[in-house]
Structure formats: structure tokens, C-alpha cells
Amino acid sequence: MKKADPNAVVDAFRSRVNASLADWRAIDAAVTAQASSADRLRLRRRAASDSFLALVIAWESFLSSWVVASVNRAPEAAAQRLTERLTAHATETLNVPEAVLSKSLLATSHLSLDTVRGILDSRGYNTTVNDHAALVKLSGRWLSGPYKVAADGITAYEFSPALIGRLLRNALAHESDAALQEVNRRARGAGVKAPFRVSRARDLDVRSWRAYLFQVPAGETRHRVELFHQEYDDLAASLRT
């Protein structure tokens, strides 16, 4: 049975990132050339915010698809975890003596794509990786071979733009006090890459966060929305085996 190709998932996402960045640059150039001076900055910030939101949504979809494809391609760790869970249920809940259980309660070591999706994403909401700790946990439970090596090779520092990206997406999408407080708190962390760290003492509101995406950070030559594109592309590239 043909298995999924995690590298193809990576390549497709990276192409999507490149297309998204090209679209933003084209829109920004058009706004700069055609908008009135009174509207120009507001519209450029709005375009940067829209591009960022689309990027983060694409990343979350990509990472879920990559995890599913990786487990489908190398199911050893998943099969072992499922066997352990089935054994625990049989012995602890059903009171079946462990001596009468088969060494493997799984009928096959191959897990189809649909099976993997059903296990990892039973509600169809995508497999969510909220932060680096969640990535480490997921890798330890489900990934095997080169895919586990690739995921484990990503440090918390390298993952920090994805963390801030997710929290900022939540803040811009919901505009809730809790979401804004969370992204403000986490973006001040010492473990966040410098171009994405917030240093000002006063919390940023929704309008300020949109301005944040359009800013060119100190020591950089590109807008922060461009840097987010680059970081997501780099993270995806690091998962290619």
C-alpha cells in the first residue's frame, strides 16, 4: 500500500509560503502606488495583517498534515503507543490477565492515512501543536525514525516565531483581553527570537499588533510580516528528511 510522503507535504507548504509572500509584496506595492497618502499606511498595515493570518492558518494545516504523513510513513512509535494503551485498558479496566494477552494487540504495523487521522485528529480539527513543549510531547509519543529526529532537532528558540505567530493570530482573530494578554506576555520572553520580541513596557493592543507586523525591526531590512514568512519556511525546511 502506497504511503504518504512527508517531504511532499513540506515542499507544498514552502511553495505556498513563497506564493503568499509574493502576493503580499504585490499588494503592498499596489497600495503604495495607488492609495492616497491619508489611507496608505492603514491599508499597508491591513494587507500585512491579512497576509500574516493566512500564513499562520497555512502553517497549522501543514504541520498537522506533516505529522499524519510521518506517522503513516513510519508507524513504529504509534503502533507501540497504541499497544501500550490497549494493554492498559485490557488489564486495568477489563481485568484481563496480562499473561493471556498477545505480545501485540494490533493486527498490523501499517496504519493507513485514514487510521492515523482518526487517531491523532478524531474530531477533524487538525493536530494542534501549541508550543515547543507540545511538539516534544507529540514527537515522543507518535513519531519514529528520521521524522522524530527532524522534529526533535527544532529548539524552543527556533520554534518561538511559530509560538508568537499562533498567539498573535488568536489575538487578532478574537480581539479578547485574554488573547491579547497572552501574546503580550509571551512576546516579552527571553527565549523569543529578537525580531519578534516586544520590549516596550506597555501592552500592545490590536491596532498596535497590526503595526508590529508592518514594522521593520532593528537590525533588519524587511518588514516583520516578511520575517514571519521566512521563519515558517525555515521551520518547514528543517522537517524535510
# chains A, B, ... in the order shown; residues from 1 in each chain; ligands from 1
call {"tool": "residues_around", "arguments": {"residues": "stretch 39-44 of chain A", "least_positions_apart": "4", "cutoff": "9 Å", "atoms": "only C-alpha atoms", "output": "ChimeraX atom specification"}}
result
/A:27-29,31-35,48-49,211,214
call {"tool": "residues_around", "arguments": {"residues": "stretch 197-208 of chain A", "least_positions_apart": "3", "cutoff": "12 Å", "atoms": "only C-alpha atoms", "output": "PyMOL selection string"}}
result
chain A and resi 42+45-46+49+157+160-161+163-165+168-194+211-215+217-218+224
call {"tool": "write_last_selection", "arguments": {"atoms": "C-alpha atoms", "output": "PDB file, in the first residue's frame"}}
result
ATOM      1  CA  ARG A  42      -3.519  51.967   7.209  1.00  0.00           C
ATOM      2  CA  ARG A  45      -0.801  47.509   7.673  1.00  0.00           C
ATOM      3  CA  ARG A  46      -4.101  45.858   6.864  1.00  0.00           C
ATOM      4  CA  SER A  49      -2.118  41.624   8.846  1.00  0.00           C
ATOM      5  CA  TYR A 157      14.226  29.257  20.363  1.00  0.00           C
ATOM      6  CA  SER A 160       9.475  30.809  19.037  1.00  0.00           C
ATOM      7  CA  PRO A 161       8.262  32.645  15.889  1.00  0.00           C
ATOM      8  CA  LEU A 163       4.587  30.300  19.051  1.00  0.00           C
ATOM      9  CA  ILE A 164       4.256  34.088  18.782  1.00  0.00           C
ATOM     10  CA  GLY A 165       2.564  33.661  15.412  1.00  0.00           C
ATOM     11  CA  LEU A 168      -0.887  36.763  17.677  1.00  0.00           C
ATOM     12  CA  ARG A 169      -3.283  35.036  15.293  1.00  0.00           C
ATOM     13  CA  ASN A 170      -5.570  34.327  18.260  1.00  0.00           C
ATOM     14  CA  ALA A 171      -5.359  37.931  19.450  1.00  0.00           C
ATOM     15  CA  LEU A 172      -6.145  39.391  16.026  1.00  0.00           C
ATOM     16  CA  ALA A 173      -8.912  36.879  15.327  1.00  0.00           C
ATOM     17  CA  HIS A 174     -10.692  37.134  18.677  1.00  0.00           C
ATOM     18  CA  GLU A 175      -9.600  40.548  19.994  1.00  0.00           C
ATOM     19  CA  SER A 176     -10.191  39.220  23.505  1.00  0.00           C
ATOM     20  CA  ASP A 177      -8.434  40.531  26.589  1.00  0.00           C
ATOM     21  CA  ALA A 178      -7.136  37.056  27.452  1.00  0.00           C
ATOM     22  CA  ALA A 179      -5.617  36.503  23.992  1.00  0.00           C
ATOM     23  CA  LEU A 180      -4.003  39.949  23.991  1.00  0.00           C
ATOM     24  CA  GLN A 181      -2.570  39.457  27.473  1.00  0.00           C
ATOM     25  CA  GLU A 182      -1.110  36.092  26.479  1.00  0.00           C
ATOM     26  CA  VAL A 183       0.668  37.291  23.353  1.00  0.00           C
ATOM     27  CA  ASN A 184       1.970  40.380  25.161  1.00  0.00           C
ATOM     28  CA  ARG A 185       3.349  38.229  27.956  1.00  0.00           C
ATOM     29  CA  ARG A 186       4.935  35.563  25.770  1.00  0.00           C
ATOM     30  CA  ALA A 187       6.384  38.029  23.236  1.00  0.00           C
ATOM     31  CA  ARG A 188       8.483  39.566  26.029  1.00  0.00           C
ATOM     32  CA  GLY A 189      10.128  36.241  26.831  1.00  0.00           C
ATOM     33  CA  ALA A 190      13.895  35.931  26.737  1.00  0.00           C
ATOM     34  CA  GLY A 191      13.610  32.805  24.597  1.00  0.00           C
ATOM     35  CA  VAL A 192      11.905  34.623  21.713  1.00  0.00           C
ATOM     36  CA  LYS A 193      13.965  35.469  18.641  1.00  0.00           C
ATOM     37  CA  ALA A 194      14.935  39.131  18.688  1.00  0.00           C
ATOM     38  CA  ALA A 211       1.529  47.958  13.252  1.00  0.00           C
ATOM     39  CA  TYR A 212       4.004  45.432  14.720  1.00  0.00           C
ATOM     40  CA  LEU A 213       3.549  43.187  11.682  1.00  0.00           C
ATOM     41  CA  PHE A 214       4.360  46.030   9.310  1.00  0.00           C
ATOM     42  CA  GLN A 215       7.368  47.320  11.233  1.00  0.00           C
ATOM     43  CA  PRO A 217      12.696  45.523  13.390  1.00  0.00           C
ATOM     44  CA  ALA A 218      16.011  46.993  14.489  1.00  0.00           C
ATOM     45  CA  ARG A 224       8.153  41.716  10.228  1.00  0.00           C
TER      46      ARG A 224
END
call {"tool": "atom_distance", "arguments": {"atom1": "atom CA of A:Thr127", "atom2": "atom CA of A:Ala19"}}
result
24.3 Å
call {"tool": "closest_residue", "arguments": {"among": "A:Phe62, A:Ala38, A:Asp50, A:Arg141", "to": "A:Leu82", "atoms": "only C-alpha atoms"}}
result
A:Arg141
call {"tool": "residues_around", "arguments": {"residues": "A:Ala69", "least_positions_apart": "4", "cutoff": "7 Å", "atoms": "only C-alpha atoms", "output": "mmCIF file with C-alpha atoms, in the first residue's frame"}}
result
data_model
loop_
_atom_site.group_PDB
_atom_site.id
_atom_site.type_symbol
_atom_site.label_atom_id
_atom_site.label_comp_id
_atom_site.auth_asym_id
_atom_site.auth_seq_id
_atom_site.Cartn_x
_atom_site.Cartn_y
_atom_site.Cartn_z
ATOM 1 C CA ALA A 4 2.185 9.392 2.273
ATOM 2 C CA ASP A 5 5.307 11.429 1.553
ATOM 3 C CA PRO A 6 6.088 13.922 4.358
ATOM 4 C CA SER A 65 -0.627 17.099 7.606
ATOM 5 C CA ARG A 73 5.242 6.518 6.677
#
call {"tool": "select_by_dssp", "arguments": {"residues": "stretch 142-230 of chain A", "states": "helix (DSSP H, G or I)", "output": "MDAnalysis selection string"}}
result
chainID A and resid 142 145:152 156:174 177:186 194:196 206:214 224:230
call {"tool": "residues_around", "arguments": {"residues": "A:Ser70", "least_positions_apart": "4", "cutoff": "7 Å", "atoms": "only C-alpha atoms", "output": "JSON, numbers by chain"}}
result
{"A": [6, 66, 74, 143, 147]}
call {"tool": "write_last_selection", "arguments": {"atoms": "N, CA and C atoms", "output": "PDB file, in the first residue's frame"}}
result
ATOM      1  N   PRO A   6       5.959  12.695   3.564  1.00  0.00           N
ATOM      2  CA  PRO A   6       6.088  13.922   4.358  1.00  0.00           C
ATOM      3  C   PRO A   6       6.886  15.014   3.650  1.00  0.00           C
ATOM      4  N   TRP A  66       1.768  17.132   8.035  1.00  0.00           N
ATOM      5  CA  TRP A  66       3.104  16.534   8.108  1.00  0.00           C
ATOM      6  C   TRP A  66       3.162  15.454   9.184  1.00  0.00           C
ATOM      7  N   ALA A  74       6.130   6.075   8.908  1.00  0.00           N
ATOM      8  CA  ALA A  74       6.934   5.367   9.917  1.00  0.00           C
ATOM      9  C   ALA A  74       6.084   5.179  11.171  1.00  0.00           C
ATOM     10  N   LEU A 143       6.082   9.918  16.767  1.00  0.00           N
ATOM     11  CA  LEU A 143       6.998   9.949  15.622  1.00  0.00           C
ATOM     12  C   LEU A 143       8.119   8.931  15.744  1.00  0.00           C
ATOM     13  N   TYR A 147      11.768  11.225  11.062  1.00  0.00           N
ATOM     14  CA  TYR A 147      10.768  12.256  11.347  1.00  0.00           C
ATOM     15  C   TYR A 147      10.853  12.692  12.808  1.00  0.00           C
TER      16      TYR A 147
END
call {"tool": "closest_residue", "arguments": {"among": "A:Val129, A:Leu135, A:Val149, A:Val71", "to": "A:Val116", "atoms": "only C-alpha atoms"}}
result
A:Val71
